[in-house]
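Structure file model.cif; described as mmCIF, C-alpha atoms.
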```cif
data_input
loop_
_atom_site.label_atom_id
_atom_site.label_comp_id
_atom_site.auth_asym_id
_atom_site.auth_seq_id
_atom_site.Cartn_x
_atom_site.Cartn_y
_atom_site.Cartn_z
CA MET O 22 0.00 0.00 0.00
CA SER O 23 1.46 3.34 -0.99
CA VAL O 24 1.74 6.27 1.41
CA PRO O 25 -1.01 8.89 0.94
CA THR O 26 -0.09 12.36 -0.31
CA THR O 27 -1.40 13.95 2.89
CA HIS O 28 1.36 12.33 4.94
CA PHE O 29 4.09 13.76 2.74
CA VAL O 30 2.58 17.25 2.67
CA THR O 31 2.16 17.23 6.44
CA LEU O 32 5.79 16.19 6.89
CA ALA O 33 6.78 18.98 4.49
CA ALA O 34 4.77 21.52 6.49
CA VAL O 35 6.50 20.46 9.71
CA LEU O 36 9.95 20.61 8.08
CA PHE O 37 9.14 24.04 6.66
CA ALA O 38 8.10 25.27 10.10
CA VAL O 39 11.34 23.95 11.60
CA GLY O 40 13.34 25.75 8.91
CA ALA O 41 11.37 28.95 9.38
CA GLY O 42 11.97 28.74 13.12
CA GLY O 43 15.69 28.43 12.44
CA VAL O 44 15.69 31.51 10.22
CA LEU O 45 13.61 33.57 12.65
CA LEU O 46 15.18 32.54 15.95
CA ARG O 47 18.90 32.20 15.25
CA ARG O 48 21.29 35.07 14.84
CA SER O 49 24.19 33.26 13.23
CA GLY O 50 24.35 33.68 9.45
CA ILE O 51 25.14 30.00 8.87
CA SER O 52 22.04 28.87 10.78
CA THR O 53 19.94 31.25 8.71
CA LEU O 54 21.21 29.72 5.47
CA LEU O 55 20.70 26.18 6.83
CA GLY O 56 17.10 27.09 7.71
CA ILE O 57 16.54 28.37 4.18
CA GLU O 58 17.88 25.08 2.78
CA LEU O 59 15.49 23.13 5.00
CA MET O 60 12.54 25.25 3.83
CA LEU O 61 13.52 24.73 0.17
CA ASN O 62 13.62 20.98 0.78
CA ALA O 63 10.19 21.04 2.38
CA VAL O 64 8.77 22.82 -0.66
CA ASN O 65 10.49 20.32 -2.96
CA LEU O 66 8.90 17.46 -1.02
CA THR O 67 5.47 19.05 -1.49
CA LEU O 68 6.05 19.44 -5.23
CA VAL O 69 7.11 15.80 -5.63
CA ALA O 70 4.13 14.65 -3.59
CA PHE O 71 1.70 16.57 -5.79
CA ALA O 72 3.52 15.41 -8.93
CA ARG O 73 2.69 11.85 -7.90
CA GLN O 74 -0.85 12.83 -6.90
CA HIS O 75 -1.53 14.20 -10.39
CA GLY O 76 0.53 11.64 -12.29
CA ASP O 77 2.49 14.48 -13.91
CA LEU O 78 6.28 14.64 -14.12
CA HIS O 79 6.48 18.41 -14.58
CA GLY O 80 6.48 18.84 -10.80
CA GLN O 81 9.62 16.75 -10.58
CA VAL O 82 11.28 18.82 -13.33
CA PHE O 83 10.41 21.90 -11.28
CA VAL O 84 12.15 20.36 -8.25
CA PHE O 85 15.21 19.73 -10.41
CA PHE O 86 15.33 23.43 -11.28
CA ILE O 87 14.84 24.43 -7.64
CA MET O 88 17.83 22.25 -6.71
CA ALA O 89 19.97 24.03 -9.31
CA VAL O 90 18.86 27.47 -8.13
CA ALA O 91 19.43 26.44 -4.49
CA ALA O 92 22.97 25.42 -5.36
CA ALA O 93 23.59 28.83 -6.93
CA GLU O 94 21.98 30.57 -3.95
CA VAL O 95 24.16 28.71 -1.47
CA ALA O 96 27.35 29.48 -3.39
CA VAL O 97 26.59 33.20 -3.43
CA GLY O 98 25.18 33.24 0.11
CA LEU O 99 28.22 31.54 1.60
CA GLY O 100 30.48 33.84 -0.43
CA LEU O 101 28.67 36.82 1.10
CA LEU O 102 29.05 35.28 4.55
CA VAL O 103 32.80 34.88 4.08
CA ALA O 104 33.09 38.47 2.87
CA ILE O 105 31.04 39.71 5.84
CA PHE O 106 33.17 37.72 8.27
CA ARG O 107 36.33 39.23 6.78
CA HIS O 108 34.82 42.66 7.15
CA GLN O 109 33.68 42.51 10.77
CA GLN O 110 34.98 39.26 12.29
CA SER O 111 31.47 38.08 13.09
CA ILE O 112 28.58 36.34 11.35
CA ASP O 113 25.96 37.60 13.78
CA VAL O 114 23.28 38.94 11.44
CA ASP O 115 22.17 41.46 14.07
CA ARG O 116 25.48 43.25 13.70
CA LEU O 117 24.83 43.94 10.02
CA ASN O 118 23.20 47.28 10.59
CA VAL O 119 25.15 49.56 8.29
CA LEU O 120 24.54 49.70 4.55
CA ARG O 121 28.14 50.62 3.97
CA TRP O 122 31.10 48.55 2.86
CA MET E 16 5.76 -1.73 4.68
CA GLU E 17 6.07 1.55 2.77
CA LEU E 18 4.14 3.27 5.52
CA ALA E 19 6.63 2.01 8.12
CA VAL E 20 9.56 3.27 6.03
CA PHE E 21 7.83 6.63 5.63
CA PHE E 22 7.18 7.05 9.33
CA ALA E 23 10.74 6.08 10.22
CA ALA E 24 12.10 8.59 7.68
CA ALA E 25 9.67 11.30 8.84
CA VAL E 26 10.54 10.95 12.53
CA VAL E 27 14.28 10.97 11.82
CA ALA E 28 13.89 13.92 9.41
CA VAL E 29 12.02 16.09 11.89
CA ALA E 30 14.31 15.18 14.81
CA THR E 31 17.52 15.87 12.90
CA GLY E 32 15.94 18.96 11.36
CA VAL E 33 15.31 20.38 14.82
CA VAL E 34 18.89 19.57 15.84
CA ALA E 35 20.09 21.22 12.62
CA VAL E 36 18.50 24.56 13.44
CA ALA E 37 18.67 24.49 17.24
CA HIS E 38 22.10 23.15 18.21
CA ARG E 39 24.75 25.72 18.97
CA ASN E 40 27.65 23.96 17.29
CA PRO E 41 27.60 24.74 13.53
CA VAL E 42 29.35 21.48 12.59
CA ILE E 43 26.63 19.46 14.32
CA ASN E 44 24.02 21.65 12.57
CA VAL E 45 25.42 20.78 9.16
CA MET E 46 25.95 17.07 9.86
CA SER E 47 22.42 16.57 11.16
CA LEU E 48 21.04 18.42 8.15
CA VAL E 49 22.83 15.79 6.03
CA VAL E 50 20.74 13.13 7.78
CA THR E 51 17.57 15.19 7.22
CA PHE E 52 18.31 15.41 3.50
CA PHE E 53 18.90 11.65 3.32
CA CYS E 54 15.46 11.14 4.86
CA VAL E 55 13.94 13.51 2.31
CA ALA E 56 15.66 11.42 -0.38
CA VAL E 57 13.95 8.34 1.08
CA CYS E 58 10.63 10.17 0.73
CA TYR E 59 11.43 10.95 -2.93
CA ALA E 60 12.11 7.25 -3.50
CA LEU E 61 8.74 6.40 -1.92
CA LEU E 62 7.10 9.01 -4.18
CA ALA E 63 8.23 7.27 -7.39
CA ALA E 64 11.03 9.79 -8.01
CA PRO E 65 14.25 7.75 -8.12
CA PHE E 66 16.12 10.35 -10.18
CA LEU E 67 15.36 13.12 -7.70
CA ALA E 68 16.31 10.86 -4.79
CA ALA E 69 19.74 10.36 -6.36
CA ALA E 70 20.03 14.07 -7.23
CA GLN E 71 19.04 15.00 -3.68
CA ILE E 72 21.88 12.94 -2.23
CA LEU E 73 24.42 14.09 -4.84
CA VAL E 74 23.51 17.77 -4.86
CA TYR E 75 22.37 18.48 -1.31
CA ALA E 76 24.16 15.97 0.90
CA GLY E 77 27.15 15.70 -1.43
CA ALA E 78 27.77 19.23 -2.65
CA ILE E 79 25.81 21.93 -0.84
CA LEU E 80 26.38 20.70 2.71
CA VAL E 81 30.06 19.98 2.02
CA LEU E 82 30.29 23.61 0.92
CA PHE E 83 28.64 24.62 4.20
CA LEU E 84 31.12 22.48 6.12
CA PHE E 85 34.04 24.11 4.30
CA VAL E 86 32.77 27.58 5.19
CA VAL E 87 32.16 26.61 8.83
CA MET E 88 35.71 25.29 9.08
CA LEU E 89 37.12 28.24 7.12
CA LEU E 90 35.47 30.93 9.21
CA ASN E 91 36.08 29.07 12.46
CA ALA E 92 33.67 31.61 13.93
CA PRO E 93 33.36 31.66 17.68
CA LEU E 94 30.14 29.95 18.75
CA ALA E 95 28.21 33.18 18.42
CA GLU E 96 28.65 34.78 21.80
CA SER E 97 25.25 36.40 21.73
CA ASP E 98 23.26 33.81 19.80
CA GLN E 99 20.30 34.11 22.11
CA PRO E 100 17.16 35.37 20.38
CA ARG E 101 15.69 38.50 21.87
CA LYS E 102 12.48 38.20 23.81
CA LEU E 103 10.17 39.60 21.13
CA GLN E 104 12.10 37.71 18.48
CA ARG E 105 11.55 34.46 20.38
CA ILE E 106 7.82 35.05 20.81
CA PHE E 107 7.10 36.17 17.25
CA GLY E 108 9.52 33.68 15.69
CA LEU E 109 7.99 30.71 17.47
CA ALA E 110 4.47 31.98 16.78
CA ALA E 111 5.16 32.47 13.07
CA ALA E 112 6.84 29.07 12.69
CA ALA E 113 4.03 27.31 14.57
CA LEU E 114 1.42 29.13 12.49
CA VAL E 115 3.09 28.09 9.23
CA GLY E 116 3.52 24.49 10.36
CA LEU E 117 0.03 24.04 11.77
CA GLY E 118 -1.60 25.88 8.87
CA GLY E 119 0.23 23.82 6.28
CA ALA E 120 -0.50 20.56 8.09
CA ALA E 121 -4.16 21.46 8.54
CA LEU E 122 -4.50 22.35 4.86
CA ALA E 123 -2.81 19.07 3.95
CA VAL E 124 -5.26 17.08 6.03
CA VAL E 125 -8.36 19.00 4.95
CA ALA E 126 -7.84 19.93 1.33
CA ILE E 127 -6.11 16.99 -0.36
CA PRO E 128 -8.33 14.36 -1.93
CA GLY E 129 -7.39 10.79 -1.10
CA ALA E 130 -6.45 8.80 -4.15
CA GLY E 131 -4.46 10.28 -7.00
CA GLU E 132 -4.41 9.49 -10.68
CA GLY E 133 -2.01 7.00 -12.21
CA VAL E 134 1.52 7.18 -10.86
CA VAL E 135 4.28 8.08 -13.33
CA GLU E 136 7.76 6.90 -12.41
CA GLY E 137 10.25 9.80 -12.46
CA THR E 138 13.20 7.95 -13.96
CA ALA E 139 16.24 9.74 -15.34
CA ALA E 140 15.05 8.97 -18.88
CA ALA E 141 11.59 10.43 -18.33
CA ILE E 142 12.89 13.56 -16.57
CA GLY E 143 15.59 14.02 -19.20
CA ARG E 144 13.06 13.85 -22.00
CA LEU E 145 11.09 16.66 -20.35
CA LEU E 146 14.23 18.70 -19.65
CA VAL E 147 15.44 18.81 -23.23
CA GLY E 148 11.91 18.96 -24.60
CA PRO E 149 9.39 21.47 -23.23
CA HIS E 150 11.82 22.89 -20.63
CA LEU E 151 14.85 23.33 -22.86
CA LEU E 152 15.03 27.12 -22.47
CA ALA E 153 14.90 26.93 -18.66
CA PHE E 154 17.47 24.15 -18.72
CA GLU E 155 19.89 26.31 -20.71
CA LEU E 156 19.19 29.34 -18.50
CA VAL E 157 20.11 27.28 -15.44
CA SER E 158 23.56 26.73 -16.90
CA VAL E 159 23.98 30.49 -17.31
CA LEU E 160 22.73 31.02 -13.74
CA LEU E 161 25.22 28.49 -12.36
CA LEU E 162 28.04 30.19 -14.26
CA ALA E 163 26.98 33.57 -12.90
CA ALA E 164 26.83 32.16 -9.35
CA LEU E 165 30.27 30.60 -9.79
CA VAL E 166 31.84 33.87 -10.94
CA GLY E 167 29.89 35.87 -8.36
CA ALA E 168 31.00 33.66 -5.47
CA MET E 169 34.63 33.93 -6.57
CA VAL E 170 34.42 37.71 -6.84
CA LEU E 171 32.81 37.98 -3.40
CA VAL E 172 35.37 35.81 -1.65
CA LYS E 173 38.45 37.12 -3.42
CA ARG E 174 40.67 39.32 -1.26
CA LYS E 175 41.26 42.79 -2.59
CA ALA E 176 44.63 42.86 -4.30
#
```
Could you show the structure in this file as structure tokens?
Amino acid sequence: MSVPTTHFVTLAAVLFAVGAGGVLLRRSGISTLLGIELMLNAVNLTLVAFARQHGDLHGQVFVFFIMAVAAAEVAVGLGLLVAIFRHQQSIDVDRLNVLRW
Amino acid sequence: MELAVFFAAAVVAVATGVVAVAHRNPVINVMSLVVTFFCVAVCYALLAAPFLAAAQILVYAGAILVLFLFVVMLLNAPLAESDQPRKLQRIFGLAAAALVGLGGAALAVVAIPGAGEGVVEGTAAAIGRLLVGPHLLAFELVSVLLLAALVGAMVLVKRKA
């Protein structure tokens, strides 16, 4: 017996909430990026679940593109984090309060 | 059987996900997120998406989180001295996360009809045919995006000469 779609979407909602909590509650830049990754994965899980529900592979292609964009996002995000750390010896996002290089 | 595998994967995914965002040691954060992503890959396999399950492990667990690990080691940042959320931040953050989670779960339970249509297996061949067929333009644009990200990351990290 296959697992119903509802189970997967519920799991995805919980994972998304955990990721959102990480982004909202932590002040370290790395934790923020990890939370974003977790949220992206939760959304991917939802898309794959609905792709199976509708018997349509386009959802899975969409997930493939999201993975590629996430990889690009992480590369740039971590690059920014390294640059910020060089600039002020800290990755506490609360300290980033000047729009000045 | 599949249901048992799903529940095992779901419990491990949520537990390691919480560790990944809550623990104070960034290395433990990243390593437990690796386990979370493996569990998500198990879910993809259960959802008739073998190609995405493999891609999930290769791209997320294999590439993205290794990149995270490199940056954690490279920065060697002190375990953020003040990484305590402020009071308002804690209240609103927890409330917002709980709202999103409960809302999404409630919608999932209420709004999704039970049985789906016929299942299509997402093999590499089937996905590939869609990628170079109807989605060819997006596929090519992704390569440009990845190149831009590559160059952008190098420019950002490069020390000023």
Name the residues captured by the PyMOL selection byres ((chain E) within 6 of (chain O)) when it is applied to the shown file; answer as an MDAnalysis selection string. chainID E and resid 18 36 98 100 108 112 115:116 119:120 123:124 131:135 161 164 168 171:172
Since I can't run it myself right now, could you work out what the PyMOL selection byres ((chain E and resi 54-70) around 6) selects here and report it as a ChimeraX atom specification? /E:24,28,51-53,71-74,136-139
Set up a box along x, y and z of the file covering all listed atoms of range 50-58 of chain O, add 8 Å on every one of the six sides, and write the centre and edge lengths in Å to one decimal, as lines of an AutoDock Vina configuration file.
```
center_x = 20.8
center_y = 29.4
center_z = 6.8
size_x = 24.6
size_y = 24.6
size_z = 24.0
```
CA of His38 in chain E and CA of Gly77 in chain E are how many Å apart?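 Value for the CA of His38 in chain E-CA of Gly77 in chain E distance: 21.6 Å.
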Which value, in Å to one decimal, gives the distance between CA of Thr31 in chain E and CA of Leu48 in chain E? 6.4 Å
